[in-house]
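Enquirer: Structure supplied as final28.csv; contents: CSV, N, CA and C atoms.
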```csv
chain,number,residue,atom,x,y,z
A,285,MET,N,165.5,108.2,72.8
A,285,MET,CA,164.8,109.4,73.0
A,285,MET,C,163.3,109.3,72.5
A,286,LYS,N,162.4,109.7,73.3
A,286,LYS,CA,161.0,109.6,73.0
A,286,LYS,C,160.5,110.8,72.1
A,287,LYS,N,159.8,110.4,71.0
A,287,LYS,CA,159.3,111.5,70.1
A,287,LYS,C,158.0,112.0,70.7
A,288,THR,N,157.8,113.3,70.5
A,288,THR,CA,156.5,113.9,71.0
A,288,THR,C,155.8,114.5,69.8
A,289,ASN,N,154.5,114.5,69.8
A,289,ASN,CA,153.7,115.1,68.7
A,289,ASN,C,153.5,116.5,69.0
A,290,PRO,N,153.7,117.4,67.9
A,290,PRO,CA,153.4,118.8,68.1
A,290,PRO,C,151.9,119.0,68.4
A,291,LYS,N,151.6,120.0,69.2
A,291,LYS,CA,150.3,120.3,69.5
A,291,LYS,C,149.4,120.6,68.3
A,292,LYS,N,148.2,120.1,68.3
A,292,LYS,CA,147.3,120.3,67.2
A,292,LYS,C,146.8,121.8,67.3
A,293,SER,N,146.7,122.4,66.2
A,293,SER,CA,146.2,123.8,66.2
A,293,SER,C,144.7,123.7,66.4
A,294,GLN,N,144.2,124.6,67.3
A,294,GLN,CA,142.8,124.7,67.6
A,294,GLN,C,142.2,125.8,66.7
A,295,SER,N,141.2,125.4,65.9
A,295,SER,CA,140.6,126.5,65.1
A,295,SER,C,139.1,126.1,64.9
A,296,SER,N,138.3,127.1,64.7
A,296,SER,CA,136.9,127.0,64.5
A,296,SER,C,136.5,127.7,63.2
A,297,PRO,N,135.7,127.0,62.3
A,297,PRO,CA,135.3,127.6,61.1
A,297,PRO,C,134.3,128.8,61.4
A,298,VAL,N,134.4,129.8,60.6
A,298,VAL,CA,133.5,131.0,60.8
A,298,VAL,C,132.8,131.2,59.5
A,299,PHE,N,131.5,131.2,59.5
A,299,PHE,CA,130.6,131.4,58.4
A,299,PHE,C,130.1,132.8,58.4
A,300,VAL,N,130.4,133.6,57.4
A,300,VAL,CA,130.0,135.0,57.3
A,300,VAL,C,129.1,135.2,56.1
A,301,LEU,N,127.9,135.6,56.3
A,301,LEU,CA,127.0,135.8,55.2
A,301,LEU,C,126.8,137.3,54.9
A,302,VAL,N,127.2,137.8,53.8
A,302,VAL,CA,127.2,139.2,53.4
A,302,VAL,C,126.2,139.4,52.3
A,303,GLY,N,125.3,140.3,52.6
A,303,GLY,CA,124.3,140.8,51.5
A,303,GLY,C,123.3,139.7,51.1
A,304,PRO,N,122.6,140.0,50.1
A,304,PRO,CA,121.5,139.1,49.6
A,304,PRO,C,122.0,137.7,49.3
A,305,MET,N,121.2,136.8,49.5
A,305,MET,CA,121.6,135.4,49.3
A,305,MET,C,120.4,134.7,48.7
A,306,VAL,N,120.6,133.5,48.2
A,306,VAL,CA,119.5,132.7,47.7
A,306,VAL,C,118.4,132.5,48.8
A,307,GLU,N,117.4,131.7,48.5
A,307,GLU,CA,116.4,131.5,49.5
A,307,GLU,C,117.0,130.9,50.8
A,308,SER,N,116.3,131.3,51.9
A,308,SER,CA,116.8,130.9,53.3
A,308,SER,C,116.9,129.4,53.4
A,309,PHE,N,115.9,128.7,52.8
A,309,PHE,CA,115.9,127.2,52.8
A,309,PHE,C,117.2,126.6,52.2
A,310,ASP,N,117.5,127.2,51.0
A,310,ASP,CA,118.7,126.7,50.4
A,310,ASP,C,120.0,127.0,51.2
A,311,LEU,N,120.0,128.2,51.8
A,311,LEU,CA,121.1,128.5,52.7
A,311,LEU,C,121.2,127.5,53.9
A,312,ALA,N,120.1,127.3,54.5
A,312,ALA,CA,120.1,126.3,55.6
A,312,ALA,C,120.6,124.9,55.2
A,313,ARG,N,120.1,124.5,54.1
A,313,ARG,CA,120.5,123.1,53.6
A,313,ARG,C,122.0,123.1,53.3
A,314,TRP,N,122.5,124.1,52.6
A,314,TRP,CA,123.9,124.1,52.3
A,314,TRP,C,124.8,124.2,53.6
A,315,ALA,N,124.4,125.1,54.5
A,315,ALA,CA,125.2,125.3,55.7
A,315,ALA,C,125.2,124.0,56.6
A,316,HIS,N,124.0,123.4,56.7
A,316,HIS,CA,124.0,122.2,57.5
A,316,HIS,C,124.8,121.1,56.9
A,317,ARG,N,124.9,121.0,55.6
A,317,ARG,CA,125.7,120.0,55.0
A,317,ARG,C,127.2,120.2,55.2
A,318,PHE,N,127.6,121.5,55.1
A,318,PHE,CA,129.0,121.7,55.1
A,318,PHE,C,129.6,122.2,56.4
A,319,PHE,N,128.8,122.9,57.2
A,319,PHE,CA,129.3,123.5,58.4
A,319,PHE,C,128.8,122.9,59.8
A,320,MET,N,127.6,122.3,59.8
A,320,MET,CA,127.0,121.9,61.0
A,320,MET,C,127.6,120.6,61.5
A,321,LYS,N,128.6,120.1,60.8
A,321,LYS,CA,129.3,118.9,61.3
A,321,LYS,C,130.2,119.2,62.5
A,322,ASP,N,130.5,120.4,62.7
A,322,ASP,CA,131.4,120.8,63.8
A,322,ASP,C,130.6,121.8,64.7
A,323,ASP,N,130.6,121.4,66.0
A,323,ASP,CA,129.9,122.2,67.0
A,323,ASP,C,130.5,123.6,67.2
A,324,ALA,N,131.7,123.8,66.7
A,324,ALA,CA,132.4,125.0,67.0
A,324,ALA,C,132.2,126.1,65.9
A,325,VAL,N,131.3,125.8,65.0
A,325,VAL,CA,131.1,126.8,63.9
A,325,VAL,C,130.4,128.1,64.4
A,326,VAL,N,130.9,129.2,63.9
A,326,VAL,CA,130.3,130.5,64.3
A,326,VAL,C,129.7,131.1,63.1
A,327,PHE,N,128.4,131.5,63.2
A,327,PHE,CA,127.7,132.1,62.1
A,327,PHE,C,127.6,133.6,62.3
A,328,VAL,N,128.1,134.4,61.4
A,328,VAL,CA,128.1,135.9,61.5
A,328,VAL,C,127.3,136.5,60.4
A,329,GLY,N,126.2,137.3,60.7
A,329,GLY,CA,125.5,138.0,59.7
A,329,GLY,C,126.0,139.3,59.5
A,330,VAL,N,126.3,139.7,58.2
A,330,VAL,CA,126.8,141.1,57.9
A,330,VAL,C,125.8,141.8,57.1
A,331,ASP,N,125.4,143.0,57.7
A,331,ASP,CA,124.4,143.9,57.1
A,331,ASP,C,123.1,143.1,56.7
A,332,SER,N,122.7,143.2,55.4
A,332,SER,CA,121.4,142.6,55.1
A,332,SER,C,121.5,141.0,55.1
A,333,GLY,N,122.7,140.5,55.2
A,333,GLY,CA,122.9,139.1,55.3
A,333,GLY,C,122.4,138.5,56.5
A,334,VAL,N,122.1,139.3,57.5
A,334,VAL,CA,121.6,138.8,58.8
A,334,VAL,C,120.2,138.2,58.6
A,335,LYS,N,119.4,138.8,57.8
A,335,LYS,CA,118.0,138.4,57.6
A,335,LYS,C,117.9,137.0,57.1
A,336,PRO,N,118.5,136.6,55.9
A,336,PRO,CA,118.4,135.2,55.5
A,336,PRO,C,119.1,134.3,56.4
A,337,LEU,N,120.1,134.7,57.1
A,337,LEU,CA,120.7,133.8,58.1
A,337,LEU,C,119.7,133.5,59.2
A,338,ILE,N,119.0,134.5,59.7
A,338,ILE,CA,118.0,134.2,60.8
A,338,ILE,C,116.9,133.4,60.2
A,339,GLN,N,116.4,133.7,59.0
A,339,GLN,CA,115.3,133.0,58.4
A,339,GLN,C,115.7,131.5,58.1
A,340,SER,N,116.9,131.2,58.0
A,340,SER,CA,117.3,129.9,57.7
A,340,SER,C,117.2,129.0,58.9
A,341,GLY,N,117.2,129.6,60.1
A,341,GLY,CA,117.1,128.8,61.3
A,341,GLY,C,118.5,128.4,61.9
A,342,LEU,N,119.5,128.9,61.2
A,342,LEU,CA,120.9,128.6,61.7
A,342,LEU,C,121.1,129.5,62.9
A,343,PRO,N,122.0,129.1,63.8
A,343,PRO,CA,122.3,129.9,65.0
A,343,PRO,C,123.2,131.0,64.7
A,344,VAL,N,122.7,132.2,64.8
A,344,VAL,CA,123.4,133.4,64.6
A,344,VAL,C,124.3,133.8,65.8
A,345,SER,N,125.6,133.8,65.7
A,345,SER,CA,126.4,134.1,66.8
A,345,SER,C,126.7,135.6,67.0
A,346,PHE,N,126.7,136.3,65.9
A,346,PHE,CA,127.0,137.7,65.9
A,346,PHE,C,126.5,138.4,64.6
A,347,ALA,N,126.2,139.7,64.7
A,347,ALA,CA,125.9,140.4,63.5
A,347,ALA,C,126.6,141.8,63.5
A,348,VAL,N,127.1,142.2,62.3
A,348,VAL,CA,127.8,143.4,62.2
A,348,VAL,C,127.3,144.2,60.9
A,349,GLY,N,127.3,145.5,61.0
A,349,GLY,CA,126.9,146.3,59.8
A,349,GLY,C,126.4,147.7,60.2
A,350,ASP,N,126.1,148.4,59.2
A,350,ASP,CA,125.5,149.7,59.4
A,350,ASP,C,124.0,149.7,59.2
A,351,TRP,N,123.5,148.6,58.7
A,351,TRP,CA,122.1,148.2,58.6
A,351,TRP,C,121.3,149.1,57.6
A,352,ASP,N,122.0,149.8,56.8
A,352,ASP,CA,121.3,150.7,55.8
A,352,ASP,C,120.5,149.9,54.7
A,353,SER,N,120.9,148.6,54.5
A,353,SER,CA,120.3,147.8,53.5
A,353,SER,C,119.3,146.8,54.1
A,354,LEU,N,119.1,146.9,55.4
A,354,LEU,CA,118.2,145.9,56.1
A,354,LEU,C,117.0,146.6,56.5
A,355,SER,N,115.8,146.2,55.9
A,355,SER,CA,114.6,146.8,56.3
A,355,SER,C,114.2,146.3,57.7
A,356,GLN,N,113.7,147.2,58.5
A,356,GLN,CA,113.3,147.0,59.9
A,356,GLN,C,114.5,146.4,60.7
A,357,PRO,N,115.6,147.1,60.8
A,357,PRO,CA,116.7,146.5,61.6
A,357,PRO,C,116.4,146.1,63.0
A,358,LYS,N,115.6,146.9,63.7
A,358,LYS,CA,115.3,146.5,65.1
A,358,LYS,C,114.7,145.2,65.2
A,359,LYS,N,113.8,144.9,64.2
A,359,LYS,CA,113.1,143.6,64.2
A,359,LYS,C,114.1,142.4,64.1
A,360,TRP,N,115.0,142.6,63.2
A,360,TRP,CA,116.0,141.5,62.9
A,360,TRP,C,117.1,141.4,63.9
A,361,LEU,N,117.4,142.5,64.5
A,361,LEU,CA,118.6,142.5,65.4
A,361,LEU,C,118.2,142.2,66.9
A,362,GLU,N,116.9,142.2,67.1
A,362,GLU,CA,116.4,142.0,68.5
A,362,GLU,C,117.0,140.7,69.1
A,363,GLY,N,117.6,140.8,70.2
A,363,GLY,CA,118.2,139.6,70.9
A,363,GLY,C,119.5,139.1,70.4
A,364,LEU,N,120.0,139.8,69.3
A,364,LEU,CA,121.3,139.4,68.8
A,364,LEU,C,122.5,140.3,69.3
A,365,SER,N,123.6,139.7,69.5
A,365,SER,CA,124.8,140.5,69.7
A,365,SER,C,125.2,141.1,68.4
A,366,HIS,N,125.3,142.5,68.4
A,366,HIS,CA,125.6,143.1,67.1
A,366,HIS,C,126.3,144.4,67.3
A,367,VAL,N,127.0,144.8,66.3
A,367,VAL,CA,127.8,146.1,66.3
A,367,VAL,C,127.4,146.8,65.0
```
Turn this file's structure into structure tokens for me.

Expert:
Amino acid sequence: MKKTNPKKSQSSPVFVLVGPMVESFDLARWAHRFFMKDDAVVFVGVDSGVKPLIQSGLPVSFAVGDWDSLSQPKKWLEGLSHV
């Protein structure tokens, strides 16, 4: 009888940044080191966390929030998929 290997689980890491964070440069350096090794990473900005995520130069896949803590939300959300 031939043994078969179970299917590998397909999963993608999701990076969610919530609220204020350290400098955007530090965020980008940290994220590139830990997350950019995989092309399937999804970066999600939550509320004011969308600003440093954009400033870091990382690809923002989605943004979610009520934007009450984000100054000039239209500026930061322009061109982004957001709820």

Enquirer: Would you pick out the contacts of Ser355 (chain A) at 8 Å or less, using all atoms listed in the file, so that residues sharing its chain but fewer than 4 positions from it are not included, and give the list as a PDB file with N, CA and C atoms, in the coordinates of the input?

Expert:
```pdb
ATOM      1  N   ASP A 331     125.400 143.000  57.700  1.00  0.00           N
ATOM      2  CA  ASP A 331     124.400 143.900  57.100  1.00  0.00           C
ATOM      3  C   ASP A 331     123.100 143.100  56.700  1.00  0.00           C
ATOM      4  N   SER A 332     122.700 143.200  55.400  1.00  0.00           N
ATOM      5  CA  SER A 332     121.400 142.600  55.100  1.00  0.00           C
ATOM      6  C   SER A 332     121.500 141.000  55.100  1.00  0.00           C
ATOM      7  N   TRP A 351     123.500 148.600  58.700  1.00  0.00           N
ATOM      8  CA  TRP A 351     122.100 148.200  58.600  1.00  0.00           C
ATOM      9  C   TRP A 351     121.300 149.100  57.600  1.00  0.00           C
ATOM     10  N   LYS A 359     113.800 144.900  64.200  1.00  0.00           N
ATOM     11  CA  LYS A 359     113.100 143.600  64.200  1.00  0.00           C
ATOM     12  C   LYS A 359     114.100 142.400  64.100  1.00  0.00           C
ATOM     13  N   TRP A 360     115.000 142.600  63.200  1.00  0.00           N
ATOM     14  CA  TRP A 360     116.000 141.500  62.900  1.00  0.00           C
ATOM     15  C   TRP A 360     117.100 141.400  63.900  1.00  0.00           C
TER      16      TRP A 360
END
```

Enquirer: State, in Å with one decimal place, the distance from atom N of Gly341 (chain A) to CA of Val367 (chain A).

Expert: 20.6 Å

Enquirer: What is the distance, in Å and to one decimal place, between atom N of Asp350 (chain A) and CA of Gly333 (chain A)?

Expert: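 One can read the atom N of Asp350 (chain A) to CA of Gly333 (chain A) distance as 10.6 Å.
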
Enquirer: Which one is closest to Leu311 (chain A): A:Asp352, A:Pro357, A:Leu364, A:Ser340? Count only N, CA and C atoms.

Expert: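 The answer is A:Ser340, which sits nearest to Leu311 (chain A).
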
Enquirer: What gap, in Å, lies between atom N of Val348 (chain A) and atom N of Val334 (chain A)?

Expert: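 Atom N of Val334 (chain A) lies at a distance of 7.5 Å from atom N of Val348 (chain A).
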
Enquirer: Here is a test: counting only C-alpha atoms, which residue of A:Leu354, A:Arg317, A:Ala312, A:Leu361 is nearest to Leu342 (chain A)?

Expert: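 Of the candidates, the smallest distance to Leu342 (chain A) is held by A:Ala312.
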
Enquirer: Near region 337-339 of chain A, within 7 Å and counting all atoms listed in the file, which residues show up once chain neighbours fewer than 5 positions away are dropped, as an MDAnalysis selection string?

Expert: chainID A and resid 308:309 329 332 344

Enquirer: As a ChimeraX atom specification, please: all residues of region 312-363 of chain A that backbone DSSP puts in helix (DSSP H, G or I).

Expert: /A:312-318,331-339,357-361

Enquirer: How would region 346-357 of chain A read, as a PDB file, in the coordinates of the input, once all heavy atoms are built in?

Expert:
```pdb
ATOM      1  N   PHE A 346     126.700 136.300  65.900  1.00  0.00           N
ATOM      2  CA  PHE A 346     127.000 137.700  65.900  1.00  0.00           C
ATOM      3  C   PHE A 346     126.500 138.400  64.600  1.00  0.00           C
ATOM      4  O   PHE A 346     126.468 137.736  63.581  1.00  0.00           O
ATOM      5  CB  PHE A 346     128.522 137.873  66.060  1.00  0.00           C
ATOM      6  CG  PHE A 346     128.995 139.273  66.311  1.00  0.00           C
ATOM      7  CD1 PHE A 346     128.782 139.886  67.534  1.00  0.00           C
ATOM      8  CD2 PHE A 346     129.662 139.985  65.333  1.00  0.00           C
ATOM      9  CE1 PHE A 346     129.223 141.183  67.780  1.00  0.00           C
ATOM     10  CE2 PHE A 346     130.113 141.264  65.550  1.00  0.00           C
ATOM     11  CZ  PHE A 346     129.890 141.865  66.783  1.00  0.00           C
ATOM     12  N   ALA A 347     126.200 139.700  64.700  1.00  0.00           N
ATOM     13  CA  ALA A 347     125.900 140.400  63.500  1.00  0.00           C
ATOM     14  C   ALA A 347     126.600 141.800  63.500  1.00  0.00           C
ATOM     15  O   ALA A 347     126.811 142.371  64.528  1.00  0.00           O
ATOM     16  CB  ALA A 347     124.367 140.684  63.445  1.00  0.00           C
ATOM     17  N   VAL A 348     127.100 142.200  62.300  1.00  0.00           N
ATOM     18  CA  VAL A 348     127.800 143.400  62.200  1.00  0.00           C
ATOM     19  C   VAL A 348     127.300 144.200  60.900  1.00  0.00           C
ATOM     20  O   VAL A 348     127.038 143.538  59.909  1.00  0.00           O
ATOM     21  CB  VAL A 348     129.326 143.167  62.154  1.00  0.00           C
ATOM     22  CG1 VAL A 348     129.740 142.357  60.947  1.00  0.00           C
ATOM     23  CG2 VAL A 348     130.113 144.458  62.223  1.00  0.00           C
ATOM     24  N   GLY A 349     127.300 145.500  61.000  1.00  0.00           N
ATOM     25  CA  GLY A 349     126.900 146.300  59.800  1.00  0.00           C
ATOM     26  C   GLY A 349     126.400 147.700  60.200  1.00  0.00           C
ATOM     27  O   GLY A 349     126.298 148.019  61.357  1.00  0.00           O
ATOM     28  N   ASP A 350     126.100 148.400  59.200  1.00  0.00           N
ATOM     29  CA  ASP A 350     125.500 149.700  59.400  1.00  0.00           C
ATOM     30  C   ASP A 350     124.000 149.700  59.200  1.00  0.00           C
ATOM     31  O   ASP A 350     123.271 150.651  59.430  1.00  0.00           O
ATOM     32  CB  ASP A 350     126.118 150.818  58.496  1.00  0.00           C
ATOM     33  CG  ASP A 350     125.934 150.547  57.009  1.00  0.00           C
ATOM     34  OD1 ASP A 350     125.176 149.616  56.645  1.00  0.00           O
ATOM     35  OD2 ASP A 350     126.549 151.265  56.203  1.00  0.00           O
ATOM     36  N   TRP A 351     123.500 148.600  58.700  1.00  0.00           N
ATOM     37  CA  TRP A 351     122.100 148.200  58.600  1.00  0.00           C
ATOM     38  C   TRP A 351     121.300 149.100  57.600  1.00  0.00           C
ATOM     39  O   TRP A 351     120.064 149.080  57.615  1.00  0.00           O
ATOM     40  CB  TRP A 351     121.382 148.227  59.976  1.00  0.00           C
ATOM     41  CG  TRP A 351     122.234 147.613  61.021  1.00  0.00           C
ATOM     42  CD1 TRP A 351     122.721 148.211  62.140  1.00  0.00           C
ATOM     43  CD2 TRP A 351     122.767 146.285  61.036  1.00  0.00           C
ATOM     44  NE1 TRP A 351     123.512 147.341  62.848  1.00  0.00           N
ATOM     45  CE2 TRP A 351     123.557 146.151  62.187  1.00  0.00           C
ATOM     46  CE3 TRP A 351     122.661 145.197  60.183  1.00  0.00           C
ATOM     47  CZ2 TRP A 351     124.226 144.983  62.515  1.00  0.00           C
ATOM     48  CZ3 TRP A 351     123.332 144.028  60.511  1.00  0.00           C
ATOM     49  CH2 TRP A 351     124.096 143.928  61.659  1.00  0.00           C
ATOM     50  N   ASP A 352     122.000 149.800  56.800  1.00  0.00           N
ATOM     51  CA  ASP A 352     121.300 150.700  55.800  1.00  0.00           C
ATOM     52  C   ASP A 352     120.500 149.900  54.700  1.00  0.00           C
ATOM     53  O   ASP A 352     119.607 150.364  54.109  1.00  0.00           O
ATOM     54  CB  ASP A 352     122.235 151.681  55.138  1.00  0.00           C
ATOM     55  CG  ASP A 352     123.338 151.029  54.314  1.00  0.00           C
ATOM     56  OD1 ASP A 352     123.578 149.818  54.477  1.00  0.00           O
ATOM     57  OD2 ASP A 352     123.969 151.742  53.515  1.00  0.00           O
ATOM     58  N   SER A 353     120.900 148.600  54.500  1.00  0.00           N
ATOM     59  CA  SER A 353     120.300 147.800  53.500  1.00  0.00           C
ATOM     60  C   SER A 353     119.300 146.800  54.100  1.00  0.00           C
ATOM     61  O   SER A 353     118.786 145.938  53.397  1.00  0.00           O
ATOM     62  CB  SER A 353     121.320 147.098  52.609  1.00  0.00           C
ATOM     63  OG  SER A 353     122.152 146.289  53.429  1.00  0.00           O
ATOM     64  N   LEU A 354     119.100 146.900  55.400  1.00  0.00           N
ATOM     65  CA  LEU A 354     118.200 145.900  56.100  1.00  0.00           C
ATOM     66  C   LEU A 354     117.000 146.600  56.500  1.00  0.00           C
ATOM     67  O   LEU A 354     116.972 147.586  57.274  1.00  0.00           O
ATOM     68  CB  LEU A 354     118.955 145.390  57.346  1.00  0.00           C
ATOM     69  CG  LEU A 354     118.246 144.320  58.172  1.00  0.00           C
ATOM     70  CD1 LEU A 354     118.073 143.039  57.357  1.00  0.00           C
ATOM     71  CD2 LEU A 354     119.030 144.026  59.436  1.00  0.00           C
ATOM     72  N   SER A 355     115.800 146.200  55.900  1.00  0.00           N
ATOM     73  CA  SER A 355     114.600 146.800  56.300  1.00  0.00           C
ATOM     74  C   SER A 355     114.200 146.300  57.700  1.00  0.00           C
ATOM     75  O   SER A 355     114.390 145.181  58.098  1.00  0.00           O
ATOM     76  CB  SER A 355     113.456 146.385  55.331  1.00  0.00           C
ATOM     77  OG  SER A 355     113.236 144.993  55.370  1.00  0.00           O
ATOM     78  N   GLN A 356     113.700 147.200  58.500  1.00  0.00           N
ATOM     79  CA  GLN A 356     113.300 147.000  59.900  1.00  0.00           C
ATOM     80  C   GLN A 356     114.500 146.400  60.700  1.00  0.00           C
ATOM     81  O   GLN A 356     114.328 145.283  61.286  1.00  0.00           O
ATOM     82  CB  GLN A 356     112.090 146.097  59.979  1.00  0.00           C
ATOM     83  CG  GLN A 356     110.880 146.681  59.288  1.00  0.00           C
ATOM     84  CD  GLN A 356     109.720 145.704  59.296  1.00  0.00           C
ATOM     85  OE1 GLN A 356     109.889 144.511  59.104  1.00  0.00           O
ATOM     86  NE2 GLN A 356     108.536 146.240  59.529  1.00  0.00           N
ATOM     87  N   PRO A 357     115.600 147.100  60.800  1.00  0.00           N
ATOM     88  CA  PRO A 357     116.700 146.500  61.600  1.00  0.00           C
ATOM     89  C   PRO A 357     116.400 146.100  63.000  1.00  0.00           C
ATOM     90  O   PRO A 357     116.928 145.086  63.474  1.00  0.00           O
ATOM     91  CB  PRO A 357     117.802 147.574  61.489  1.00  0.00           C
ATOM     92  CG  PRO A 357     117.192 148.769  60.877  1.00  0.00           C
ATOM     93  CD  PRO A 357     115.872 148.396  60.321  1.00  0.00           C
TER      94      PRO A 357
END
```
